[in-house]
There are 2 protein chains.
Amino acid sequence: MTLPDTEVGSAASRRRVPSMADVAREAGVSGQTVSRVSTGRTNVDDETRNRVLAAMQKLGYRPNSAARALRSGQFKNIGVIMFTLSSFGNMRTLDSIAVAAAAAGYSITLIPVQRPTQGEVSIAFSRLSEQAVDGVIIIIEAHLLDEADVELPVGLPVVVVDSSARYQYPVVDTDQAEGARLATEHLLDHGHATVWHISGPRGSYSAERRLESWRETLEAKGRVVPPVVVGDWSAESGYRAGLQLAADGEATAIFAANDEMALGVLRALHERGVAVPGRVSVVGFDDMQASSSFWPPLTTVHQSFEDVGKHGVRELVKEIEEGSHTASSVLVPTRLVVRASSGPAPA
Amino acid sequence: MTLPDTEVGSAASRRRVPSMADVAREAGVSGQTVSRVSTGRTNVDDETRNRVLAAMQKLGYRPNSAARALRSGQFKNIGVIMFTLSSFGNMRTLDSIAVAAAAAGYSITLIPVQRPTQGEVSIAFSRLSEQAVDGVIIIIEAHLLDEADVELPVGLPVVVVDSSARYQYPVVDTDQAEGARLATEHLLDHGHATVWHISGPRGSYSAERRLESWRETLEAKGRVVPPVVVGDWSAESGYRAGLQLAADGEATAIFAANDEMALGVLRALHERGVAVPGRVSVVGFDDMQASSSFWPPLTTVHQSFEDVGKHGVRELVKEIEEGSHTASSVLVPTRLVVRASSGPAPA
DNA sequence: CATCGGCATGTTCACGTAAACATGCTTCGC
DNA sequence: GCGAAGCATGTTTACGTGAACATGCCGATG
């Protein structure tokens, strides 16, 4: 069962990863000097530094992150709390968070929450305090955070992404309202009398804000506000909504709260033989990669998940490194991408 | 700048998180007994255990993971190396890894690789040794790992997901070959003379294996093997491939190596007025959520990313906890999901 | 020329935990 | 009734690092 005791040619004690002390011995300096080199302090003589670096190289020394964290109280690690089976957008956000964090010298620990219930969120939060994290980014869009009997460890820096602005924490999010307004106005500008909306699920902040902004835009222009069709972000729910609107026959312009639901709408319209954009125009939200290859290519609101992630990390790191009250909320702008799925209202 | 010194009612020294020693004092036991309770040892008297638990509760004690890791040499943490902007499938896999790891008592650290180049991968690997991980799951489909001048820290347990079986490490992957065979045979069974293939990018193992299996299936039945159209997984590349095949006009059955490319193919066929499945049948691979809402709904090969993640974690944990040679490779089966995009060959 | 200040480097120690070993009590068998 | 064995619990120590403080040297300044 024991492995063959492969002998290494180095002076370090066998079968143990080299520590600062080993490097110190090898370089003929004190451990503290190794520490200074390892942490990049400037007050080390060049000649000494090189000798230490050479010793590190030779022994293959790597700082022990556990010891470092224990001693310094800093983990250089950010926790990300998000839902399992998350949406396309959250994944993109996660991705950009990971990259931005790496650039800032932090690693990312994923803290999955299986189902969007109070209980599960509470568990994730309480687990947090035994996690080795310096701060947390929360990507949970639902209202679950509000009523939270849930207690986040006090003093832990937190940034909330894609959610309400009502928290005590800084919030980084796409400018949902602007995006929904752009989409709605685009359709009105093309001569549509009004715009029908397929919303995301109740309880989702992004869904709510897109909905409200759509409604406000219509009201500001004195248009009729048609009844909302509620979806759940899935293409399937968009399909059902599309069938409903097609059967009704009144809508000439549909603004779906995300691209996936828009995809379902397109399918429903095709099935019912409704021409897009000839008879009905469709606009989505997200600009997911595939939406340019829908049939027809989808007009949609582009949001920069990259920027959301980047700002989220930046604000959190500020909070971690400069004390708890320096971070601020950020609203990331959107952009309308016009493609073939939207056009003039039918005559 | 300093926070108001909120006084807590506890006996613990203010403004410091409580340690084992604090709990020990509170409960009137030694630190070691607290440790035993905290790590779930059985050799503690029930009465004592309860007293310790009560003290923990009262002080809000949480074990310090850094100290624990330093002392025990175990981090209870798994690193996941994957590409930035990864595919839909990798995200799903990551998700299931996170859940499975949490269930096994491990957390997940994301180690993003920005671009799929040797250099970047090397950097990620070398960073690894200063990461606090007990093992690594690698989700990198390209050939990059082979020629690796790259050195993974020796002795670090590794499991490779979605890649070649040629490694020295255990590999967990979807049975790509079976899936491609199912898709191809399905089309042949519907009377199509042969099947055209839009492959994933060169250098991707999954792409290669789907391609090879498609070819072998055709050859086994003595069918003509049409030239391969190479895509890059994106819907856009599928669209271009679709235009090409539509212009050519020969294909009656197309097997796209993933659903996104299939989406692009559908768009191209619609644009060219080619009936699906009347004139051309299309089959995808992945069974992504939205594919049931394509127009028409897509026949595709379902793969269980959940199982891939689950097995990956299981094998890795085995390797970590039972020594380095107990894990083995796993092939996760697929299933053909028949929808409206495929049908009989045109007369 | 004496003192002081700056700088490279060394020494000591504590961070919070858990393994190893030590202690003392209870119970059981002969 | 006495030693052994088992078990709950306590004591000591080391894990690897970096902060705080100490030392010793060199050049500058009055």
# chains A, B, ... in the order shown; residues from 1 in each chain; ligands from 1
call {"tool": "residues_around", "arguments": {"residues": "region 2-16 of chain D", "least_positions_apart": "3", "cutoff": "10 Å", "atoms": "only C-alpha atoms (C1' of nucleotides)", "output": "PyMOL selection string"}}
result
(chain A and resi 19-21+63-68+70-71) or (chain B and resi 29-33+43-45+48+67-73) or (chain C and resi 17-30)
call {"tool": "write_last_selection", "arguments": {"atoms": "C-alpha atoms (C1' of nucleotides)", "output": "PDB file, in the first residue's frame"}}
result
ATOM      1  CA  SER A  19       8.581  25.272   3.970  1.00  0.00           C
ATOM      2  CA  MET A  20      10.029  28.696   4.538  1.00  0.00           C
ATOM      3  CA  ALA A  21      12.510  27.174   6.947  1.00  0.00           C
ATOM      4  CA  PRO A  63       3.840  29.424   0.250  1.00  0.00           C
ATOM      5  CA  ASN A  64       1.373  27.514   2.371  1.00  0.00           C
ATOM      6  CA  SER A  65      -1.891  29.340   2.004  1.00  0.00           C
ATOM      7  CA  ALA A  66      -3.363  27.893   5.180  1.00  0.00           C
ATOM      8  CA  ALA A  67      -0.528  29.107   7.346  1.00  0.00           C
ATOM      9  CA  ARG A  68      -0.569  32.427   5.598  1.00  0.00           C
ATOM     10  CA  LEU A  70      -4.020  31.758   9.768  1.00  0.00           C
ATOM     11  CA  ARG A  71      -1.291  34.252  10.440  1.00  0.00           C
TER      12      ARG A  71
ATOM     13  CA  VAL B  29     -13.530  21.852  29.475  1.00  0.00           C
ATOM     14  CA  SER B  30     -10.212  21.630  27.710  1.00  0.00           C
ATOM     15  CA  GLY B  31      -9.663  22.857  24.200  1.00  0.00           C
ATOM     16  CA  GLN B  32      -9.089  19.346  23.025  1.00  0.00           C
ATOM     17  CA  THR B  33     -12.562  18.330  24.081  1.00  0.00           C
ATOM     18  CA  ASN B  43     -15.536   9.498  22.458  1.00  0.00           C
ATOM     19  CA  VAL B  44     -17.117  12.368  24.324  1.00  0.00           C
ATOM     20  CA  ASP B  45     -19.648  12.035  27.077  1.00  0.00           C
ATOM     21  CA  THR B  48     -20.097  17.127  28.107  1.00  0.00           C
ATOM     22  CA  ALA B  67      -6.000  26.754  11.364  1.00  0.00           C
ATOM     23  CA  ARG B  68      -7.736  23.488  10.728  1.00  0.00           C
ATOM     24  CA  ALA B  69      -6.136  23.167   7.326  1.00  0.00           C
ATOM     25  CA  LEU B  70      -2.730  24.104   8.639  1.00  0.00           C
ATOM     26  CA  ARG B  71      -2.908  21.552  11.385  1.00  0.00           C
ATOM     27  CA  SER B  72      -4.507  18.718   9.459  1.00  0.00           C
ATOM     28  CA  GLY B  73      -3.050  19.293   6.024  1.00  0.00           C
TER      29      GLY B  73
ATOM     30  C1'  DT C  17      -6.282  23.700  15.634  1.00  0.00           C
ATOM     31  C1'  DA C  18      -5.679  18.552  16.255  1.00  0.00           C
ATOM     32  C1'  DA C  19      -2.373  14.680  16.900  1.00  0.00           C
ATOM     33  C1'  DA C  20       0.178  12.282  20.354  1.00  0.00           C
ATOM     34  C1'  DC C  21       0.695  11.243  24.676  1.00  0.00           C
ATOM     35  C1'  DA C  22      -0.674  11.444  29.652  1.00  0.00           C
ATOM     36  C1'  DT C  23      -3.956  11.030  33.479  1.00  0.00           C
ATOM     37  C1'  DG C  24      -7.464   9.368  36.276  1.00  0.00           C
ATOM     38  C1'  DC C  25     -11.764   7.068  36.865  1.00  0.00           C
ATOM     39  C1'  DT C  26     -14.829   3.027  36.165  1.00  0.00           C
ATOM     40  C1'  DT C  27     -15.621  -1.650  35.324  1.00  0.00           C
ATOM     41  C1'  DC C  28     -14.551  -6.373  34.787  1.00  0.00           C
ATOM     42  C1'  DG C  29     -12.403 -10.862  35.623  1.00  0.00           C
ATOM     43  C1'  DC C  30     -10.000 -13.963  38.391  1.00  0.00           C
TER      44       DC C  30
END
call {"tool": "select_by_dssp", "arguments": {"residues": "region 27-166 of chain A", "states": "helix (DSSP H, G or I)", "output": "number ranges by chain"}}
result
A: 27, 31-38, 46-59, 65-72, 88-103, 118-128, 143-145
call {"tool": "select_by_dssp", "arguments": {"residues": "region 153-332 of chain B", "states": "strand (DSSP E)", "output": "ChimeraX atom specification"}}
result
/B:158-161,171-174,196-199,229-230,253-256,281-286,299-303,330-332
call {"tool": "write_last_selection", "arguments": {"atoms": "N, CA and C atoms", "output": "tab-separated table (two decimals), in the first residue's frame"}}
result
chain	number	residue	atom	x	y	z
B	158	VAL	N	-6.12	14.08	-9.23
B	158	VAL	CA	-6.69	14.77	-10.38
B	158	VAL	C	-7.74	13.89	-11.04
B	159	VAL	N	-8.83	14.49	-11.46
B	159	VAL	CA	-9.78	13.80	-12.32
B	159	VAL	C	-10.04	14.70	-13.51
B	160	VAL	N	-10.04	14.12	-14.70
B	160	VAL	CA	-10.27	14.89	-15.90
B	160	VAL	C	-11.69	14.64	-16.39
B	161	VAL	N	-12.38	15.71	-16.76
B	161	VAL	CA	-13.75	15.58	-17.23
B	161	VAL	C	-13.82	16.05	-18.68
B	171	VAL	N	-10.63	9.57	-16.05
B	171	VAL	CA	-11.44	10.44	-16.89
B	171	VAL	C	-12.91	10.12	-16.70
B	172	VAL	N	-13.70	11.14	-16.49
B	172	VAL	CA	-15.14	10.96	-16.42
B	172	VAL	C	-15.76	11.72	-17.57
B	173	ASP	N	-16.53	11.05	-18.38
B	173	ASP	CA	-17.08	11.74	-19.54
B	173	ASP	C	-18.36	11.09	-20.02
B	174	THR	N	-19.10	11.88	-20.76
B	174	THR	CA	-20.26	11.37	-21.45
B	174	THR	C	-19.80	10.38	-22.51
B	196	TRP	N	-25.19	13.89	-42.99
B	196	TRP	CA	-24.10	14.88	-43.02
B	196	TRP	C	-23.79	15.33	-41.61
B	197	HIS	N	-22.55	15.69	-41.40
B	197	HIS	CA	-22.15	16.03	-40.03
B	197	HIS	C	-21.51	17.42	-39.96
B	198	ILE	N	-21.99	18.20	-39.00
B	198	ILE	CA	-21.32	19.46	-38.69
B	198	ILE	C	-20.60	19.25	-37.38
B	199	SER	N	-19.29	19.27	-37.44
B	199	SER	CA	-18.50	18.89	-36.27
B	199	SER	C	-18.15	20.10	-35.42
B	229	VAL	N	-18.36	19.13	-42.35
B	229	VAL	CA	-18.33	20.58	-42.24
B	229	VAL	C	-17.90	20.91	-40.81
B	230	VAL	N	-16.85	21.70	-40.70
B	230	VAL	CA	-16.30	21.97	-39.37
B	230	VAL	C	-16.85	23.27	-38.80
B	253	ALA	N	-30.28	14.78	-44.29
B	253	ALA	CA	-30.18	14.53	-42.85
B	253	ALA	C	-28.89	15.14	-42.34
B	254	ILE	N	-29.02	15.98	-41.31
B	254	ILE	CA	-27.85	16.65	-40.75
B	254	ILE	C	-27.75	16.35	-39.27
B	255	PHE	N	-26.56	15.91	-38.87
B	255	PHE	CA	-26.28	15.69	-37.46
B	255	PHE	C	-25.27	16.75	-37.02
B	256	ALA	N	-25.75	17.71	-36.22
B	256	ALA	CA	-24.87	18.76	-35.71
B	256	ALA	C	-24.29	18.32	-34.37
B	281	SER	N	-33.84	16.64	-42.33
B	281	SER	CA	-33.96	16.37	-40.89
B	281	SER	C	-32.72	16.85	-40.18
B	282	VAL	N	-32.90	17.36	-38.96
B	282	VAL	CA	-31.77	17.87	-38.19
B	282	VAL	C	-31.77	17.24	-36.79
B	283	VAL	N	-30.58	16.81	-36.38
B	283	VAL	CA	-30.42	16.27	-35.03
B	283	VAL	C	-29.25	16.98	-34.36
B	284	GLY	N	-29.40	17.28	-33.08
B	284	GLY	CA	-28.35	17.96	-32.33
B	284	GLY	C	-27.71	17.05	-31.29
B	285	PHE	N	-27.02	17.67	-30.35
B	285	PHE	CA	-26.34	16.93	-29.29
B	285	PHE	C	-26.22	17.86	-28.09
B	286	ASP	N	-26.70	17.41	-26.96
B	286	ASP	CA	-26.59	18.08	-25.65
B	286	ASP	C	-27.92	18.10	-24.92
B	299	THR	N	-34.70	17.29	-32.28
B	299	THR	CA	-34.28	15.95	-31.89
B	299	THR	C	-32.81	16.03	-31.51
B	300	THR	N	-32.46	15.47	-30.36
B	300	THR	CA	-31.09	15.66	-29.89
B	300	THR	C	-30.66	14.53	-28.96
B	301	VAL	N	-29.38	14.49	-28.69
B	301	VAL	CA	-28.85	13.47	-27.78
B	301	VAL	C	-28.75	14.06	-26.39
B	302	HIS	N	-29.46	13.47	-25.48
B	302	HIS	CA	-29.44	13.98	-24.11
B	302	HIS	C	-28.23	13.43	-23.38
B	303	GLN	N	-27.47	14.33	-22.76
B	303	GLN	CA	-26.40	13.83	-21.91
B	303	GLN	C	-26.59	14.38	-20.50
B	330	VAL	N	-14.94	6.72	-15.81
B	330	VAL	CA	-16.37	6.45	-15.89
B	330	VAL	C	-16.91	7.00	-17.20
B	331	LEU	N	-17.77	6.23	-17.83
B	331	LEU	CA	-18.43	6.68	-19.05
B	331	LEU	C	-19.92	6.81	-18.76
B	332	VAL	N	-20.44	8.02	-18.95
B	332	VAL	CA	-21.85	8.27	-18.62
B	332	VAL	C	-22.71	8.09	-19.87
call {"tool": "atom_distance", "arguments": {"atom1": "CA of Val80 (chain A)", "atom2": "CA of Ile137 (chain A)"}}
result
4.9 Å
call {"tool": "interface_residues", "arguments": {"of": "chain C", "to": "chain A", "cutoff": "9 Å", "atoms": "only C-alpha atoms (C1' of nucleotides)", "output": "list in words"}}
result
DC7, DA8, DT9, DG10, DA14, DC15 and DG16 of chain C
call {"tool": "write_last_selection", "arguments": {"atoms": "C-alpha atoms (C1' of nucleotides)", "output": "PDB file, in the first residue's frame"}}
result
ATOM      1  C1'  DC C   7      18.313  50.021   6.422  1.00  0.00           C
ATOM      2  C1'  DA C   8      19.108  44.963   5.901  1.00  0.00           C
ATOM      3  C1'  DT C   9      18.597  41.177   8.528  1.00  0.00           C
ATOM      4  C1'  DG C  10      17.770  38.181  12.607  1.00  0.00           C
ATOM      5  C1'  DA C  14       1.303  33.965  18.461  1.00  0.00           C
ATOM      6  C1'  DC C  15      -2.363  32.764  15.141  1.00  0.00           C
ATOM      7  C1'  DG C  16      -6.275  28.277  16.160  1.00  0.00           C
TER       8       DG C  16
END
call {"tool": "interface_residues", "arguments": {"of": "chain A", "to": "chain B", "cutoff": "8 Å", "atoms": "only C-alpha atoms", "output": "number ranges by chain"}}
result
A: 62-67, 69-70, 84-85, 91-92, 95-96, 98-99, 102, 107-112, 114, 129-132, 234-236, 239, 260, 263-264, 266-267, 270, 289-290, 292-296
call {"tool": "atom_distance", "arguments": {"atom1": "CA of Gly191 (chain B)", "atom2": "CA of Ser206 (chain B)"}}
result
27.1 Å
call {"tool": "atom_distance", "arguments": {"atom1": "CA of Ala340 (chain B)", "atom2": "CA of Glu178 (chain B)"}}
result
21.6 Å
call {"tool": "residues_around", "arguments": {"residues": "Thr252 (chain B)", "least_positions_apart": "4", "cutoff": "8 Å", "atoms": "only C-alpha atoms (C1' of nucleotides)", "output": "JSON, numbers by chain"}}
result
{"B": [192, 194, 195, 279, 280, 281, 345, 346]}
